[in-house]
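Before any comments, here is the structure.
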Amino acid sequence: MTTQRVFSGVQPTGNLHLGNYLGAIVNFVKLQETHNCIYCVVDLHAITVPVTVWGGPDELRRNTREVTAAFIAAGIDPNKHIIFNQSQVAEHAELAWVFNCVARLGWLNRMTQFKEKAGKDRENASIGLYDYPVLMASDILVYRATHVPVGEDQKQHLELTRDIAQKFNNDFAESIAAQGLGDSYFPMPEPVITGPATRVMSLRDGTKKMSKSDPSDYSRINLTDDADAIAQKIRKAKTDPEPLPSEEKGLETRPEADNLVGIYAALAGKPKTDVLAEFGGAQFSAFKSSLVDLAVEKLSPIAGEMKRLSADHGYVDSVLASGSDRARVIAAETMVGVKDIMGM
Ligand code: ADP
Ligand code: NA
């Protein structure tokens with residue numbers, strides 16, 4: 001058994017999609033073989049947008065169970081690893097306050113995701129939305145996780161996490177040593193960004209990422225979609241009139257084609273070059289048929305299992321309760337150390 005610990009989270013905001021699956025959950029599943037993993041349904045992050053957007057208590061409860069069901073359906077073993085929801089372990093919010101006092105305003109002002117998510121009406125964004133990256137740093141560091149599988153969109157937040165860890169370690173270096181805790185308390189967590197589909201784009205517009213909040217249902221494949229819906233969405237996906245190129249270079253100026261090839265590669269678990277070796281010269285109609293078959297083969301068992309689990313609240317809730325209990329033990333130990341180090 002290794003001591004390397006993985007932490008990652010997914011927001012319970014509904015419409016879990018192929019981007020979340022290929023950019024995050026597939027890697028969560030893989031990492032189980034080699035690491036101790038903690039996978040979190042980050043409900044405290046979900047509430048950073050207006051309540052009209054996150055949907056209120058019933059919707060949050062439903063979405064929390066849906067993400068939990070997706071984790072289990074995709075193959076994460078809740079007996080070997082930890083699946084839980086963030087709000088049940090108070091130490092996330094507690095450490096976030098400490099980190100609010102470590103992080104600098106200038107660091108947060110540089111976060112591009114806040115600018116995107118806040119949009120034009122910035123004065124009306126919640127303080128939580130602004131502070132989101134600090135809470136994310138605390139999610140990771142409260143478990144002193146060393147590896148964080150996330151999509152490319154989260155890379156900047158992970159860099160901030162490292163900056164916070166480093167500043168804490170520097171600011172309190174003397175005390176950390178005096179407590180007999182070595183020369184640093186928090187590790188520098190590393191991103192785990194693997195595979196060809198760390199950024200899955202919208203099926204309607206190859207320049208926008210596939211997203212839960214896109215108003216067009218045809219822009220994304222949801223993890224709950226049945227075979228017919230998957231087939232329809234792939235057949236309607238935007239493409240250009242050219243056949244597939246036989247080399248990756250030929251995809252450079254063709255974002256929609258590149259996206260579909262990337263999705264195929266990720267689902268098949270092979271590099272894009274192999275996919276192009278097979279389909280180079282083919283028309284999109286033919287390629288899309290193969291993509292439909294592959295996507296249905298890989299995704300419908302997950303949708304089926306999610307459906308079964310959505311009827312079994314008792315089981316899903318028990319996974320979250322036991323996961324929270326196990327997570328809390330680790331998080332509480334980290335907070336004892338933080339308080340000793342800081343004199344609290
Ligand atoms: P969203 O970004 O859809 O609101 P989350 O913030 O909950 O969803 O993201 C959950 C995980 O899914 C993160 O690791 C994120 O990087 C990944 N992810 C989200 N959208 C995509 C995408 N289009 N392509 C690849 N990964 C994605
Ligand atoms: Na995201």
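Chain labels follow the order of the structure tokens: the first chain is A, the next B, and so on; residue numbering restarts at 1 in every chain, and ligands are counted from 1 in their shown order.
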At a cut-off of 6 Å, can you tabulate as CSV every residue of chain A near ligand 1 together with its closest atom pair and the distance in Å to one decimal, using only C-alpha atoms and all ligand atoms and ordering rows by chain then number?
```
residue,atom,partner,partner_atom_place_in_ligand_line,distance
A:Val10,CA,ligand 1,7 (O),3.8
A:Gln11,CA,ligand 1,7 (O),3.7
A:Gly19,CA,ligand 1,22 (C),3.7
A:Asn20,CA,ligand 1,12 (O),3.7
A:Gly23,CA,ligand 1,26 (N),3.4
A:Ala24,CA,ligand 1,14 (O),4.7
A:Val150,CA,ligand 1,14 (O),3.6
A:Gly151,CA,ligand 1,16 (O),3.1
A:Glu152,CA,ligand 1,16 (O),5.8
A:Asp153,CA,ligand 1,16 (O),5.2
A:Gln154,CA,ligand 1,16 (O),5.3
A:Thr198,CA,ligand 1,25 (C),4.4
A:Arg199,CA,ligand 1,24 (N),3.5
A:Val200,CA,ligand 1,24 (N),3.7
A:Met201,CA,ligand 1,23 (N),5.4
A:Lys209,CA,ligand 1,23 (N),4.5
A:Met210,CA,ligand 1,23 (N),3.9
A:Ser211,CA,ligand 1,3 (O),4.5
A:Lys212,CA,ligand 1,3 (O),4.6
```
Those same residues - N, CA and C atoms - I'd like them written as a PDB file, in the first residue's frame.
```
ATOM      1  N   VAL A  10     -16.317  16.715  -7.127  1.00  0.00           N
ATOM      2  CA  VAL A  10     -17.241  17.083  -8.197  1.00  0.00           C
ATOM      3  C   VAL A  10     -18.429  17.791  -7.548  1.00  0.00           C
ATOM      4  N   GLN A  11     -18.872  18.873  -8.167  1.00  0.00           N
ATOM      5  CA  GLN A  11     -19.991  19.635  -7.608  1.00  0.00           C
ATOM      6  C   GLN A  11     -21.335  18.948  -7.875  1.00  0.00           C
ATOM      7  N   GLY A  19     -17.841  15.248 -20.081  1.00  0.00           N
ATOM      8  CA  GLY A  19     -16.615  15.979 -19.716  1.00  0.00           C
ATOM      9  C   GLY A  19     -16.203  15.667 -18.284  1.00  0.00           C
ATOM     10  N   ASN A  20     -17.166  15.657 -17.380  1.00  0.00           N
ATOM     11  CA  ASN A  20     -16.867  15.292 -15.993  1.00  0.00           C
ATOM     12  C   ASN A  20     -16.339  13.855 -15.936  1.00  0.00           C
ATOM     13  N   GLY A  23     -12.853  13.771 -18.081  1.00  0.00           N
ATOM     14  CA  GLY A  23     -11.852  14.689 -17.524  1.00  0.00           C
ATOM     15  C   GLY A  23     -11.539  14.381 -16.073  1.00  0.00           C
ATOM     16  N   ALA A  24     -12.439  13.718 -15.374  1.00  0.00           N
ATOM     17  CA  ALA A  24     -12.239  13.510 -13.943  1.00  0.00           C
ATOM     18  C   ALA A  24     -12.498  12.068 -13.513  1.00  0.00           C
ATOM     19  N   VAL A 150      -7.720  16.380 -11.880  1.00  0.00           N
ATOM     20  CA  VAL A 150      -8.710  17.388 -12.285  1.00  0.00           C
ATOM     21  C   VAL A 150      -8.567  17.675 -13.761  1.00  0.00           C
ATOM     22  N   GLY A 151      -9.584  18.240 -14.328  1.00  0.00           N
ATOM     23  CA  GLY A 151      -9.508  18.698 -15.705  1.00  0.00           C
ATOM     24  C   GLY A 151      -8.604  19.928 -15.779  1.00  0.00           C
ATOM     25  N   GLU A 152      -8.229  20.251 -17.002  1.00  0.00           N
ATOM     26  CA  GLU A 152      -7.324  21.380 -17.236  1.00  0.00           C
ATOM     27  C   GLU A 152      -7.864  22.689 -16.669  1.00  0.00           C
ATOM     28  N   ASP A 153      -9.213  22.803 -16.636  1.00  0.00           N
ATOM     29  CA  ASP A 153      -9.836  24.039 -16.162  1.00  0.00           C
ATOM     30  C   ASP A 153      -9.524  24.328 -14.694  1.00  0.00           C
ATOM     31  N   GLN A 154      -9.045  23.322 -13.965  1.00  0.00           N
ATOM     32  CA  GLN A 154      -8.784  23.508 -12.536  1.00  0.00           C
ATOM     33  C   GLN A 154      -7.298  23.702 -12.230  1.00  0.00           C
ATOM     34  N   THR A 198      -8.857  15.596 -21.453  1.00  0.00           N
ATOM     35  CA  THR A 198      -8.909  16.373 -20.219  1.00  0.00           C
ATOM     36  C   THR A 198      -9.757  17.625 -20.425  1.00  0.00           C
ATOM     37  N   ARG A 199     -10.063  17.921 -21.666  1.00  0.00           N
ATOM     38  CA  ARG A 199     -10.933  19.045 -21.970  1.00  0.00           C
ATOM     39  C   ARG A 199     -11.902  18.622 -23.070  1.00  0.00           C
ATOM     40  N   VAL A 200     -13.089  18.217 -22.656  1.00  0.00           N
ATOM     41  CA  VAL A 200     -14.111  17.817 -23.620  1.00  0.00           C
ATOM     42  C   VAL A 200     -14.902  19.058 -23.994  1.00  0.00           C
ATOM     43  N   MET A 201     -15.074  19.281 -25.286  1.00  0.00           N
ATOM     44  CA  MET A 201     -15.746  20.494 -25.726  1.00  0.00           C
ATOM     45  C   MET A 201     -17.226  20.221 -26.016  1.00  0.00           C
ATOM     46  N   LYS A 209     -16.176  24.729 -23.653  1.00  0.00           N
ATOM     47  CA  LYS A 209     -16.084  23.408 -23.023  1.00  0.00           C
ATOM     48  C   LYS A 209     -17.473  22.853 -22.728  1.00  0.00           C
ATOM     49  N   MET A 210     -17.571  21.537 -22.780  1.00  0.00           N
ATOM     50  CA  MET A 210     -18.823  20.882 -22.420  1.00  0.00           C
ATOM     51  C   MET A 210     -19.101  21.228 -20.966  1.00  0.00           C
ATOM     52  N   SER A 211     -20.316  21.678 -20.679  1.00  0.00           N
ATOM     53  CA  SER A 211     -20.581  22.200 -19.340  1.00  0.00           C
ATOM     54  C   SER A 211     -21.995  21.884 -18.879  1.00  0.00           C
ATOM     55  N   LYS A 212     -22.101  21.727 -17.558  1.00  0.00           N
ATOM     56  CA  LYS A 212     -23.403  21.475 -16.932  1.00  0.00           C
ATOM     57  C   LYS A 212     -24.376  22.605 -17.169  1.00  0.00           C
TER      58      LYS A 212
END
```
Spatial neighbours of Leu160 in chain A, 10 Å, only C-alpha atoms, chain gap at least 5 places, as a PyMOL selection string: chain A and resi 103+107-108+110-111+133-134+136-137+155+165-166
Separation of CA of Ala73 in chain A from CA of Ile302 in chain A in Å: 5.2 Å
Long-range neighbours of Gly281 in chain A as a list in words, 10 Å cut-off, only C-alpha atoms, 4 positions minimum in chain: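 After dropping sequence-adjacent residues, the list is Glu242, Pro243, Leu244, Pro245, Ser246, Leu276, Ala277 and Phe287 of chain A.
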Saved selection, atoms kept: C-alpha atoms, as a short mmCIF file (atom, residue, chain, number, x, y, z; two decimals), in the first residue's frame:
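selection.cif, freshly written:
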```cif
data_model
loop_
_atom_site.label_atom_id
_atom_site.label_comp_id
_atom_site.auth_asym_id
_atom_site.auth_seq_id
_atom_site.Cartn_x
_atom_site.Cartn_y
_atom_site.Cartn_z
CA GLU A 242 -14.04 17.20 -44.73
CA PRO A 243 -13.27 13.51 -44.08
CA LEU A 244 -11.11 12.65 -41.07
CA PRO A 245 -7.39 13.38 -41.46
CA SER A 246 -4.92 10.56 -40.98
CA LEU A 276 -6.77 8.48 -36.87
CA ALA A 277 -4.78 5.51 -38.16
CA PHE A 287 -16.98 7.72 -37.82
#
```
Who sits within 10 Å of Gly128 in chain A, only C-alpha atoms, same chain under 5 positions skipped, as a list in words: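 Once the nearby chain positions are removed, what remains is Leu44, His45, Ala46, Ile47, Thr48, Val49, Pro133, Val134 and Leu135 of chain A.
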Range 256-268 of chain A surroundings by only C-alpha atoms, 8 Å radius, close-in-sequence under 6 positions cut, as an MDAnalysis selection string: chainID A and resid 22 195:197 200:201 203 205:207 238:240 244 274:276 291 294:295 298
Atoms to include: C-alpha atoms. Write the selected residues as a PDB file, in the first residue's frame.
```pdb
ATOM      1  CA  LEU A  22     -13.560  11.686 -19.141  1.00  0.00           C
ATOM      2  CA  GLY A 195      -5.437  11.110 -21.293  1.00  0.00           C
ATOM      3  CA  PRO A 196      -6.572  12.783 -24.498  1.00  0.00           C
ATOM      4  CA  ALA A 197      -9.871  14.186 -23.167  1.00  0.00           C
ATOM      5  CA  VAL A 200     -14.111  17.817 -23.620  1.00  0.00           C
ATOM      6  CA  MET A 201     -15.746  20.494 -25.726  1.00  0.00           C
ATOM      7  CA  LEU A 203     -20.965  19.087 -29.188  1.00  0.00           C
ATOM      8  CA  ASP A 205     -19.462  24.523 -30.503  1.00  0.00           C
ATOM      9  CA  GLY A 206     -15.921  23.147 -30.473  1.00  0.00           C
ATOM     10  CA  THR A 207     -14.543  26.306 -28.876  1.00  0.00           C
ATOM     11  CA  LYS A 238     -21.409  19.806 -35.251  1.00  0.00           C
ATOM     12  CA  THR A 239     -18.699  18.774 -37.742  1.00  0.00           C
ATOM     13  CA  ASP A 240     -17.161  20.103 -40.929  1.00  0.00           C
ATOM     14  CA  LEU A 244     -11.107  12.651 -41.073  1.00  0.00           C
ATOM     15  CA  ASP A 274      -4.380   5.285 -33.205  1.00  0.00           C
ATOM     16  CA  VAL A 275      -7.923   6.503 -33.832  1.00  0.00           C
ATOM     17  CA  LEU A 276      -6.765   8.483 -36.869  1.00  0.00           C
ATOM     18  CA  LEU A 291     -18.472   6.589 -31.944  1.00  0.00           C
ATOM     19  CA  LEU A 294     -18.417   2.868 -28.470  1.00  0.00           C
ATOM     20  CA  ALA A 295     -20.127   5.544 -26.368  1.00  0.00           C
ATOM     21  CA  LYS A 298     -19.053   2.400 -22.331  1.00  0.00           C
TER      22      LYS A 298
END
```
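Of the residues in range 149-226 of chain A, those given strand (DSSP E or B) by DSSP on the backbone are Pro149, Glu190, Pro191, Val192, Met201, Lys209 and Asn222 of chain A.
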Would you mind exporting C-alpha atoms of the selected residues as a PDB file, in the first residue's frame?
```pdb
ATOM      1  CA  PRO A 149      -6.898  14.451 -10.671  1.00  0.00           C
ATOM      2  CA  GLU A 190       0.479  17.651  -7.936  1.00  0.00           C
ATOM      3  CA  PRO A 191      -2.111  17.676 -10.686  1.00  0.00           C
ATOM      4  CA  VAL A 192      -2.879  14.359 -12.345  1.00  0.00           C
ATOM      5  CA  MET A 201     -15.746  20.494 -25.726  1.00  0.00           C
ATOM      6  CA  LYS A 209     -16.084  23.408 -23.023  1.00  0.00           C
ATOM      7  CA  ASN A 222     -25.258  13.421 -19.748  1.00  0.00           C
TER       8      ASN A 222
END
```
One-decimal distance in Å that lies between CA of Val148 in chain A and CA of Pro189 in chain A: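 We find that CA of Pro189 in chain A and CA of Val148 in chain A lie 6.7 Å from each other.
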Identify, on the basis of only C-alpha atoms, every residue whose closest approach to range 89-101 of chain A does not exceed 6 Å; exclude the query and any residue fewer than 3 positions from it along the same chain; express the result as a short mmCIF file (atom, residue, chain, number, x, y, z; two decimals) with N, CA and C atoms, in the first residue's frame.
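Everything below was put into selection28.cif:
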```
data_model
loop_
_atom_site.label_atom_id
_atom_site.label_comp_id
_atom_site.auth_asym_id
_atom_site.auth_seq_id
_atom_site.Cartn_x
_atom_site.Cartn_y
_atom_site.Cartn_z
N GLN A 86 -18.84 17.07 1.25
CA GLN A 86 -18.01 18.09 1.90
C GLN A 86 -18.62 18.69 3.16
N LEU A 135 -11.29 27.57 -0.58
CA LEU A 135 -11.98 26.38 -0.06
C LEU A 135 -11.44 25.12 -0.75
N SER A 138 -8.28 24.12 0.78
CA SER A 138 -8.51 23.47 2.06
C SER A 138 -9.03 22.04 1.89
N ASP A 139 -9.89 21.82 0.88
CA ASP A 139 -10.38 20.46 0.59
C ASP A 139 -9.21 19.49 0.40
N ARG A 328 -13.49 12.47 8.27
CA ARG A 328 -13.40 13.36 9.43
C ARG A 328 -12.22 13.03 10.32
#
```
Straight-line distance linking CA of Glu278 in chain A with CA of Glu247 in chain A, stated in Å to one decimal: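 Separation of CA of Glu278 in chain A and CA of Glu247 in chain A: 10.5 Å.
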Pick from A:Gly280, A:Glu116, A:Ser126, A:Lys80, whichever lies nearest to ligand 2 using only C-alpha atoms and all ligand atoms: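 For ligand 2, the nearest of the candidates is A:Glu116.
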Non-local contacts of Asp225 in chain A (10 Å; only C-alpha atoms; under 3 positions in same chain excluded) as a PyMOL selection string: chain A and resi 15+17+220-222+228-231+233+296+299-300+302-304
Output file for the selection above: C-alpha atoms, as a CSV table (one decimal), in the first residue's frame:
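What ended up in selection-v6.csv:
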```csv
chain,number,residue,atom,x,y,z
A,15,ASN,CA,-26.3,17.4,-15.5
A,17,HIS,CA,-21.7,15.0,-18.3
A,220,ARG,CA,-23.4,17.6,-23.8
A,221,ILE,CA,-23.9,13.9,-23.2
A,222,ASN,CA,-25.3,13.4,-19.7
A,228,ASP,CA,-31.1,6.7,-28.0
A,229,ALA,CA,-30.2,10.0,-26.5
A,230,ILE,CA,-26.5,9.3,-26.9
A,231,ALA,CA,-27.0,8.3,-30.5
A,233,LYS,CA,-26.6,13.8,-29.7
A,296,VAL,CA,-23.2,3.4,-25.8
A,299,LEU,CA,-21.7,4.7,-21.0
A,300,SER,CA,-25.0,2.8,-20.9
A,302,ILE,CA,-23.1,3.5,-16.0
A,303,ALA,CA,-26.5,5.1,-16.8
A,304,GLY,CA,-28.2,1.8,-15.9
```
Pick from A:Asp317, A:Asn63, A:Ser175, A:Gly9, whichever lies nearest to ligand 2 using only C-alpha atoms and all ligand atoms: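 Among A:Asp317, A:Asn63, A:Ser175, A:Gly9, it is A:Gly9 that comes nearest to ligand 2.
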Picked from range 23-266 of chain A by DSSP as helix (DSSP H, G or I), as a count of residues only: 133
Selected residue of minimal separation from Ala311 in chain A among A:Asp43, A:Glu333, A:Asp58, A:Glu66, counting only C-alpha atoms: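 Ranking A:Asp43, A:Glu333, A:Asp58, A:Glu66 by distance to Ala311 in chain A, first place goes to A:Glu66.
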